[in-house]
file upload05.cif (mmCIF, C-alpha atoms)
data_data
#
loop_
_atom_site.group_PDB
_atom_site.id
_atom_site.type_symbol
_atom_site.label_atom_id
_atom_site.label_comp_id
_atom_site.auth_asym_id
_atom_site.auth_seq_id
_atom_site.Cartn_x
_atom_site.Cartn_y
_atom_site.Cartn_z
ATOM 1 C CA MET A 52 145.641 53.321 -107.815
ATOM 2 C CA ASN A 53 142.042 52.230 -107.203
ATOM 3 C CA THR A 54 142.620 49.092 -109.258
ATOM 4 C CA LEU A 55 145.700 48.212 -107.216
ATOM 5 C CA TYR A 56 143.864 48.886 -103.956
ATOM 6 C CA ASN A 57 140.914 46.702 -104.961
ATOM 7 C CA PHE A 58 143.328 43.921 -105.883
ATOM 8 C CA ALA A 59 145.168 44.336 -102.570
ATOM 9 C CA VAL A 60 142.013 44.151 -100.435
ATOM 10 C CA GLY A 61 140.547 41.384 -102.586
ATOM 11 C CA PRO A 62 142.508 38.485 -104.098
ATOM 12 C CA LEU A 63 145.826 39.485 -102.514
ATOM 13 C CA ALA A 64 144.271 39.664 -99.054
ATOM 14 C CA TRP A 65 142.720 36.208 -99.388
ATOM 15 C CA ALA A 66 146.067 34.853 -100.616
ATOM 16 C CA ALA A 67 147.879 36.389 -97.625
ATOM 17 C CA TRP A 68 145.378 34.897 -95.183
ATOM 18 C CA GLY A 69 145.621 31.528 -96.926
ATOM 19 C CA ILE A 70 149.423 31.474 -96.732
ATOM 20 C CA CYS A 71 149.274 32.566 -93.097
ATOM 21 C CA LEU A 72 146.794 29.892 -92.001
ATOM 22 C CA LEU A 73 148.436 27.103 -93.980
ATOM 23 C CA GLY A 74 151.828 28.169 -92.671
ATOM 24 C CA ILE A 75 150.572 28.096 -89.086
ATOM 25 C CA MET A 76 149.177 24.591 -89.522
ATOM 26 C CA TRP A 77 152.433 23.423 -91.076
ATOM 27 C CA ARG A 78 154.555 24.928 -88.277
ATOM 28 C CA LEU A 79 152.392 23.386 -85.563
ATOM 29 C CA TRP A 80 152.431 19.971 -87.226
ATOM 30 C CA SER A 81 156.183 19.999 -87.898
ATOM 31 C CA LEU A 82 157.059 21.181 -84.389
ATOM 32 C CA TRP A 83 154.754 18.581 -82.842
ATOM 33 C CA ARG A 84 156.507 15.854 -84.823
ATOM 34 C CA LEU A 85 159.895 17.220 -83.792
ATOM 35 C CA ALA A 86 158.905 17.299 -80.119
ATOM 36 C CA ARG A 87 157.585 13.735 -80.233
ATOM 37 C CA ARG A 88 160.746 12.483 -81.932
ATOM 38 C CA ARG A 89 163.392 14.300 -79.877
ATOM 39 C CA ASP A 90 161.808 14.811 -76.480
ATOM 40 C CA ALA A 91 158.680 12.710 -76.138
ATOM 41 C CA SER A 92 158.870 12.838 -72.347
ATOM 42 C CA SER A 93 158.325 16.579 -72.360
ATOM 43 C CA VAL A 94 155.070 16.079 -74.221
ATOM 44 C CA ALA A 95 154.018 13.334 -71.843
ATOM 45 C CA TYR A 96 154.321 15.362 -68.638
ATOM 46 C CA MET A 97 152.456 18.426 -69.883
ATOM 47 C CA THR A 98 149.352 19.106 -67.791
ATOM 48 C CA TRP A 99 146.459 21.469 -68.395
ATOM 49 C CA GLY A 100 146.560 22.918 -64.888
ATOM 50 C CA CYS A 101 150.240 23.882 -64.925
ATOM 51 C CA ALA A 102 150.023 25.057 -68.532
ATOM 52 C CA LEU A 103 147.083 27.379 -67.887
ATOM 53 C CA LYS A 104 148.643 28.698 -64.678
ATOM 54 C CA SER A 105 151.850 29.543 -66.522
ATOM 55 C CA LEU A 106 149.986 31.135 -69.425
ATOM 56 C CA PHE A 107 147.873 33.245 -67.060
ATOM 57 C CA ARG A 108 150.955 34.512 -65.233
ATOM 58 C CA TRP A 109 152.663 35.384 -68.506
ATOM 59 C CA ALA A 110 149.577 37.224 -69.820
ATOM 60 C CA MET A 111 149.570 39.581 -66.821
ATOM 61 C CA PRO A 112 152.063 42.483 -66.787
ATOM 62 C CA PHE A 113 154.826 41.635 -64.313
ATOM 63 C CA GLY A 114 153.058 38.388 -63.475
ATOM 64 C CA ALA A 115 155.835 36.052 -64.634
ATOM 65 C CA LEU A 116 159.352 36.290 -63.264
ATOM 66 C CA GLY A 117 160.752 37.159 -66.677
ATOM 67 C CA TRP A 118 158.574 40.263 -66.943
ATOM 68 C CA ARG A 119 159.875 41.621 -63.631
ATOM 69 C CA THR A 120 163.523 41.649 -64.662
ATOM 70 C CA ASN A 121 163.079 44.425 -67.238
ATOM 71 C CA PRO A 122 160.169 46.805 -66.536
ATOM 72 C CA LEU A 123 160.820 48.926 -69.649
ATOM 73 C CA LEU A 124 160.738 45.887 -71.932
ATOM 74 C CA THR A 125 157.571 44.659 -70.231
ATOM 75 C CA ALA A 126 155.834 48.018 -70.662
ATOM 76 C CA ALA A 127 156.863 48.274 -74.322
ATOM 77 C CA THR A 128 155.848 44.685 -75.089
ATOM 78 C CA PHE A 129 152.397 44.909 -73.532
ATOM 79 C CA THR A 130 151.805 48.360 -75.006
ATOM 80 C CA LEU A 131 152.655 47.219 -78.523
ATOM 81 C CA HIS A 132 150.608 44.020 -78.416
ATOM 82 C CA LEU A 133 147.597 45.737 -76.874
ATOM 83 C CA ALA A 134 147.840 48.501 -79.471
ATOM 84 C CA MET A 135 147.911 45.951 -82.289
ATOM 85 C CA LEU A 136 144.809 44.240 -80.889
ATOM 86 C CA LEU A 137 142.914 47.502 -80.484
ATOM 87 C CA ALA A 138 143.901 48.710 -83.950
ATOM 88 C CA ALA A 139 142.905 45.458 -85.635
ATOM 89 C CA LEU A 140 139.483 45.236 -84.021
ATOM 90 C CA PHE A 141 138.299 48.705 -83.048
ATOM 91 C CA VAL A 142 139.383 51.117 -85.810
ATOM 92 C CA SER A 143 136.326 52.329 -87.708
ATOM 93 C CA ALA A 144 137.868 51.681 -91.144
ATOM 94 C CA HIS A 145 138.770 48.142 -90.094
ATOM 95 C CA ASN A 146 135.231 47.537 -88.871
ATOM 96 C CA VAL A 147 133.926 48.466 -92.307
ATOM 97 C CA MET A 148 136.276 45.855 -93.751
ATOM 98 C CA TRP A 149 135.215 43.173 -91.235
ATOM 99 C CA ASP A 150 131.541 43.887 -91.911
ATOM 100 C CA TYR A 151 131.958 43.862 -95.698
ATOM 101 C CA ASN A 152 133.938 40.613 -95.821
ATOM 102 C CA PHE A 153 132.575 38.614 -92.887
ATOM 103 C CA GLY A 154 129.300 40.246 -91.883
ATOM 104 C CA PHE A 155 130.298 41.352 -88.384
ATOM 105 C CA SER A 156 131.979 44.332 -86.794
ATOM 106 C CA MET A 157 133.144 45.511 -83.397
ATOM 107 C CA VAL A 158 132.495 48.775 -81.604
ATOM 108 C CA SER A 159 134.657 51.509 -83.130
ATOM 109 C CA LEU A 160 136.816 53.547 -80.772
ATOM 110 C CA PRO A 161 137.039 57.339 -81.289
ATOM 111 C CA ASP A 162 139.693 58.405 -83.770
ATOM 112 C CA VAL A 163 141.535 60.448 -81.153
ATOM 113 C CA VAL A 164 141.859 57.361 -78.950
ATOM 114 C CA MET A 165 143.322 55.372 -81.825
ATOM 115 C CA ASP A 166 145.721 58.233 -82.564
ATOM 116 C CA VAL A 167 147.063 57.945 -79.012
ATOM 117 C CA VAL A 168 147.247 54.163 -79.378
ATOM 118 C CA SER A 169 149.252 54.527 -82.598
ATOM 119 C CA VAL A 170 151.722 56.960 -81.029
ATOM 120 C CA LEU A 171 152.212 54.640 -78.034
ATOM 121 C CA ALA A 172 152.724 51.685 -80.382
ATOM 122 C CA LEU A 173 155.424 53.549 -82.299
ATOM 123 C CA ALA A 174 157.108 54.530 -79.036
ATOM 124 C CA ALA A 175 157.085 50.858 -78.024
ATOM 125 C CA CYS A 176 158.624 49.929 -81.374
ATOM 126 C CA GLY A 177 161.343 52.469 -80.689
ATOM 127 C CA VAL A 178 162.099 50.904 -77.300
ATOM 128 C CA LEU A 179 162.309 47.427 -78.809
ATOM 129 C CA ALA A 180 164.564 48.674 -81.631
ATOM 130 C CA TRP A 181 166.837 50.442 -79.141
ATOM 131 C CA ARG A 182 167.085 47.257 -77.100
ATOM 132 C CA ARG A 183 168.063 45.205 -80.132
ATOM 133 C CA ILE A 184 170.833 47.658 -80.993
ATOM 134 C CA CYS A 185 172.185 48.648 -77.586
ATOM 135 C CA ASP A 186 171.687 45.585 -75.393
ATOM 136 C CA ILE A 187 174.588 43.261 -76.188
ATOM 137 C CA ASN A 188 172.683 40.242 -74.901
ATOM 138 C CA VAL A 189 169.940 40.904 -77.425
ATOM 139 C CA SER A 190 171.968 42.263 -80.342
ATOM 140 C CA GLY A 191 174.171 39.164 -80.259
ATOM 141 C CA VAL A 192 171.235 36.892 -81.114
ATOM 142 C CA THR A 193 169.360 39.308 -83.380
ATOM 143 C CA ARG A 194 169.512 38.474 -87.055
ATOM 144 C CA ARG A 195 168.572 40.666 -89.998
ATOM 145 C CA ALA A 196 165.393 38.670 -90.488
ATOM 146 C CA ASP A 197 164.362 39.463 -86.920
ATOM 147 C CA TRP A 198 163.941 43.114 -87.870
ATOM 148 C CA ILE A 199 161.272 42.268 -90.439
ATOM 149 C CA GLY A 200 158.428 41.977 -87.978
ATOM 150 C CA LEU A 201 159.288 45.150 -86.079
ATOM 151 C CA ILE A 202 159.713 47.186 -89.267
ATOM 152 C CA LEU A 203 156.427 45.874 -90.695
ATOM 153 C CA VAL A 204 154.505 46.646 -87.514
ATOM 154 C CA ALA A 205 155.949 50.160 -87.299
ATOM 155 C CA GLY A 206 155.226 50.705 -90.993
ATOM 156 C CA ILE A 207 151.626 49.580 -90.545
ATOM 157 C CA PHE A 208 151.038 52.090 -87.759
ATOM 158 C CA VAL A 209 152.810 54.919 -89.611
ATOM 159 C CA SER A 210 150.941 54.328 -92.872
ATOM 160 C CA GLY A 211 147.601 53.900 -91.082
ATOM 161 C CA PHE A 212 148.131 57.115 -89.123
ATOM 162 C CA ALA A 213 149.186 58.993 -92.263
ATOM 163 C CA SER A 214 146.237 57.663 -94.237
ATOM 164 C CA SER A 215 143.690 58.632 -91.567
ATOM 165 C CA HIS A 216 145.121 62.165 -91.284
ATOM 166 C CA GLY A 217 145.588 62.779 -94.990
ATOM 167 C CA TRP A 218 149.367 62.991 -94.870
ATOM 168 C CA GLY A 219 150.962 62.547 -98.271
ATOM 169 C CA SER A 220 148.929 60.767 -100.900
ATOM 170 C CA GLN A 221 145.962 59.222 -99.089
ATOM 171 C CA PRO A 222 145.368 56.489 -101.705
ATOM 172 C CA PHE A 223 149.047 55.530 -101.647
ATOM 173 C CA MET A 224 149.195 55.453 -97.845
ATOM 174 C CA ALA A 225 146.048 53.326 -97.703
ATOM 175 C CA LEU A 226 147.498 50.906 -100.260
ATOM 176 C CA LEU A 227 150.820 50.785 -98.409
ATOM 177 C CA HIS A 228 148.979 50.108 -95.146
ATOM 178 C CA VAL A 229 147.172 47.137 -96.675
ATOM 179 C CA LEU A 230 150.290 45.733 -98.337
ATOM 180 C CA LEU A 231 152.349 45.951 -95.137
ATOM 181 C CA ALA A 232 149.603 44.212 -93.176
ATOM 182 C CA GLU A 233 149.466 41.420 -95.747
ATOM 183 C CA ALA A 234 153.252 41.088 -95.693
ATOM 184 C CA LEU A 235 153.014 40.706 -91.905
ATOM 185 C CA LEU A 236 150.483 37.902 -92.324
ATOM 186 C CA VAL A 237 152.697 36.079 -94.813
ATOM 187 C CA CYS A 238 155.788 36.407 -92.595
ATOM 188 C CA LEU A 239 154.028 35.428 -89.385
ATOM 189 C CA PRO A 240 154.368 31.608 -89.613
ATOM 190 C CA PHE A 241 157.949 31.647 -90.913
ATOM 191 C CA THR A 242 159.740 34.182 -88.687
ATOM 192 C CA ARG A 243 159.954 34.912 -84.976
ATOM 193 C CA LEU A 244 156.540 36.484 -85.366
ATOM 194 C CA SER A 245 155.376 32.895 -84.952
ATOM 195 C CA HIS A 246 155.419 33.527 -81.199
ATOM 196 C CA ALA A 247 151.905 34.861 -81.819
ATOM 197 C CA PHE A 248 150.599 31.296 -81.995
ATOM 198 C CA LEU A 249 153.470 29.312 -80.429
ATOM 199 C CA ILE A 250 153.563 31.100 -77.064
ATOM 200 C CA PRO A 251 150.752 28.980 -75.524
ATOM 201 C CA PHE A 252 152.779 25.841 -76.242
ATOM 202 C CA THR A 253 155.970 27.456 -74.903
ATOM 203 C CA ARG A 254 154.253 28.411 -71.668
ATOM 204 C CA ALA A 255 152.632 24.964 -71.425
ATOM 205 C CA TYR A 256 156.063 23.365 -71.603
ATOM 206 C CA MET A 257 157.663 25.801 -69.160
ATOM 207 C CA GLY A 258 154.793 25.603 -66.702
ATOM 208 C CA SER A 259 154.539 21.828 -66.778
ATOM 209 C CA GLU A 260 158.264 21.422 -66.191
ATOM 210 C CA ALA A 261 158.786 24.183 -63.628
ATOM 211 C CA ILE A 262 155.524 23.966 -61.685
ATOM 212 C CA GLY A 263 154.584 20.338 -62.226
ATOM 213 C CA VAL A 264 157.998 18.624 -62.130
ATOM 214 C CA ARG A 265 160.473 20.935 -60.392
ATOM 215 C CA LYS A 266 157.869 22.387 -58.003
ATOM 216 C CA THR A 267 159.098 25.945 -58.499
ATOM 217 C CA CYS A 268 158.002 29.124 -60.263
ATOM 218 C CA ASP A 269 158.189 29.210 -64.024
ATOM 219 C CA TRP A 270 160.248 31.952 -65.586
#
call {"tool": "encode", "arguments": {"input": "upload05.cif", "output": "structure tokens"}}
result
Amino acid sequence: MNTLYNFAVGPLAWAAWGICLLGIMWRLWSLWRLARRRDASSVAYMTWGCALKSLFRWAMPFGALGWRTNPLLTAATFTLHLAMLLAALFVSAHNVMWDYNFGFSMVSLPDVVMDVVSVLALAACGVLAWRRICDINVSGVTRRADWIGLILVAGIFVSGFASSHGWGSQPFMALLHVLLAEALLVCLPFTRLSHAFLIPFTRAYMGSEAIGVRKTCDW
């Protein structure tokens, strides 16, 4: 098990990061080419002011019009994304990893705080899963592949929580946690998880059109 874990946090981790970063660059380049070829005017009228205004509104809970239409979805979305950020940067075990591989680390939050964060993240995953199943407007456009990201994120939190509390086999849970995180990295550029890096461009387009051209609020 130790050999597998060392391989997972070593060569396999670097491979996952490499695929993720190369995939992101490829997606950005291909989508830029597509936008220039099919709708060059939309690229031309994008402005920094409208783009940043739209992005700022979207980044604030209930700031954009779309967030106000479904308070439960908004709460679950912001809870999950904030939990992922806190877990990635402020878990003590992760800080050991950052320091070992890159020579820096963040302040570690108390374990009990991260336990609460994990529980809230799993509750948010449950809300998003319920919405995909029960909301006909969402279930109608949800494909099997769209479940990958949600399942991986939930699995990462479950395995990390189990590993930190000694549930089951600790070495296995730690290995599973690492493998799920690496699978998430690999899937990120090629699934709807790509919103992680595409959302600034989406908001730039929406803001430039709605605010700059139509003189109205962006959704």
call {"tool": "resolve_selection", "arguments": {"input": "upload05.cif", "expression": "the PyMOL selection byres ((chain A and resi 111-116) around 10)", "output": "PDB file with C-alpha atoms, keeping the file's coordinate frame"}}
result
ATOM      1  CA  SER A 105     151.850  29.543 -66.522  1.00  0.00           C
ATOM      2  CA  LEU A 106     149.986  31.135 -69.425  1.00  0.00           C
ATOM      3  CA  PHE A 107     147.873  33.245 -67.060  1.00  0.00           C
ATOM      4  CA  ARG A 108     150.955  34.512 -65.233  1.00  0.00           C
ATOM      5  CA  TRP A 109     152.663  35.384 -68.506  1.00  0.00           C
ATOM      6  CA  ALA A 110     149.577  37.224 -69.820  1.00  0.00           C
ATOM      7  CA  GLY A 117     160.752  37.159 -66.677  1.00  0.00           C
ATOM      8  CA  TRP A 118     158.574  40.263 -66.943  1.00  0.00           C
ATOM      9  CA  ARG A 119     159.875  41.621 -63.631  1.00  0.00           C
ATOM     10  CA  THR A 120     163.523  41.649 -64.662  1.00  0.00           C
ATOM     11  CA  ASN A 121     163.079  44.425 -67.238  1.00  0.00           C
ATOM     12  CA  PRO A 122     160.169  46.805 -66.536  1.00  0.00           C
ATOM     13  CA  THR A 125     157.571  44.659 -70.231  1.00  0.00           C
ATOM     14  CA  ALA A 126     155.834  48.018 -70.662  1.00  0.00           C
ATOM     15  CA  THR A 128     155.848  44.685 -75.089  1.00  0.00           C
ATOM     16  CA  PHE A 129     152.397  44.909 -73.532  1.00  0.00           C
ATOM     17  CA  CYS A 268     158.002  29.124 -60.263  1.00  0.00           C
ATOM     18  CA  ASP A 269     158.189  29.210 -64.024  1.00  0.00           C
ATOM     19  CA  TRP A 270     160.248  31.952 -65.586  1.00  0.00           C
TER      20      TRP A 270
END
call {"tool": "residues_around", "arguments": {"input": "upload05.cif", "residues": "Leu72 of chain A", "least_positions_apart": "2", "cutoff": "12 Å", "atoms": "all atoms listed in the file", "output": "compact mmCIF listing (two decimals) with C-alpha atoms, keeping the file's coordinate frame"}}
result
# COMPACT_ATOMS: atom_id res chain seq x y z
CA TRP A 65 142.72 36.21 -99.39
CA ALA A 66 146.07 34.85 -100.62
CA ALA A 67 147.88 36.39 -97.62
CA TRP A 68 145.38 34.90 -95.18
CA GLY A 69 145.62 31.53 -96.93
CA ILE A 70 149.42 31.47 -96.73
CA GLY A 74 151.83 28.17 -92.67
CA ILE A 75 150.57 28.10 -89.09
CA MET A 76 149.18 24.59 -89.52
CA TRP A 77 152.43 23.42 -91.08
CA ARG A 78 154.56 24.93 -88.28
CA LEU A 79 152.39 23.39 -85.56
CA LEU A 236 150.48 37.90 -92.32
CA VAL A 237 152.70 36.08 -94.81
CA CYS A 238 155.79 36.41 -92.60
CA LEU A 239 154.03 35.43 -89.38
CA PRO A 240 154.37 31.61 -89.61
CA PHE A 241 157.95 31.65 -90.91
CA SER A 245 155.38 32.90 -84.95
CA PHE A 248 150.60 31.30 -82.00
call {"tool": "atom_distance", "arguments": {"input": "upload05.cif", "atom1": "atom CA of Leu201 of chain A", "atom2": "atom CA of Leu244 of chain A"}}
result
9.1 Å
call {"tool": "closest_residue", "arguments": {"input": "upload05.cif", "among": "A:Leu82, A:Ala144, A:Leu235, A:Ala127", "to": "Val94 of chain A", "atoms": "all atoms listed in the file"}}
result
A:Leu82
call {"tool": "residues_around", "arguments": {"input": "upload05.cif", "residues": "segment 95-102 of chain A", "least_positions_apart": "6", "cutoff": "7 Å", "atoms": "only C-alpha atoms", "output": "list in words"}}
result
Arg254, Ala255, Tyr256, Gly258, Ser259, Ile262 and Gly263 of chain A
call {"tool": "resolve_selection", "arguments": {"input": "upload05.cif", "expression": "the PyMOL selection byres ((chain A and resi 226) around 9)", "output": "ChimeraX atom specification"}}
result
/A:52-53,55-56,59-60,210,221-225,227-231
call {"tool": "atom_distance", "arguments": {"input": "upload05.cif", "atom1": "atom CA of Met257 of chain A", "atom2": "atom CA of Ile199 of chain A"}}
result
27.1 Å
call {"tool": "closest_residue", "arguments": {"input": "upload05.cif", "among": "A:Ala138, A:Val192, A:Ala232, A:Leu63", "to": "Pro161 of chain A", "atoms": "all atoms listed in the file"}}
result
A:Ala138
call {"tool": "closest_residue", "arguments": {"input": "upload05.cif", "among": "A:His132, A:His145, A:Arg84, A:Arg194", "to": "Met157 of chain A", "atoms": "only C-alpha atoms"}}
result
A:His145
call {"tool": "atom_distance", "arguments": {"input": "upload05.cif", "atom1": "atom CA of Trp83 of chain A", "atom2": "atom CA of Val264 of chain A"}}
result
21.0 Å
call {"tool": "closest_residue", "arguments": {"input": "upload05.cif", "among": "A:Trp80, A:Gly61, A:Val204, A:Val167", "to": "Tyr151 of chain A", "atoms": "all atoms listed in the file"}}
result
A:Gly61
call {"tool": "closest_residue", "arguments": {"input": "upload05.cif", "among": "A:Ile250, A:Pro62, A:Trp198, A:Val142", "to": "Asp162 of chain A", "atoms": "all atoms listed in the file"}}
result
A:Val142
call {"tool": "residues_near_point", "arguments": {"input": "upload05.cif", "point": "(131.3, 55.6, -84.4)", "cutoff": "8 Å", "atoms": "all atoms listed in the file", "output": "PyMOL selection string"}}
result
chain A and resi 143+158-161
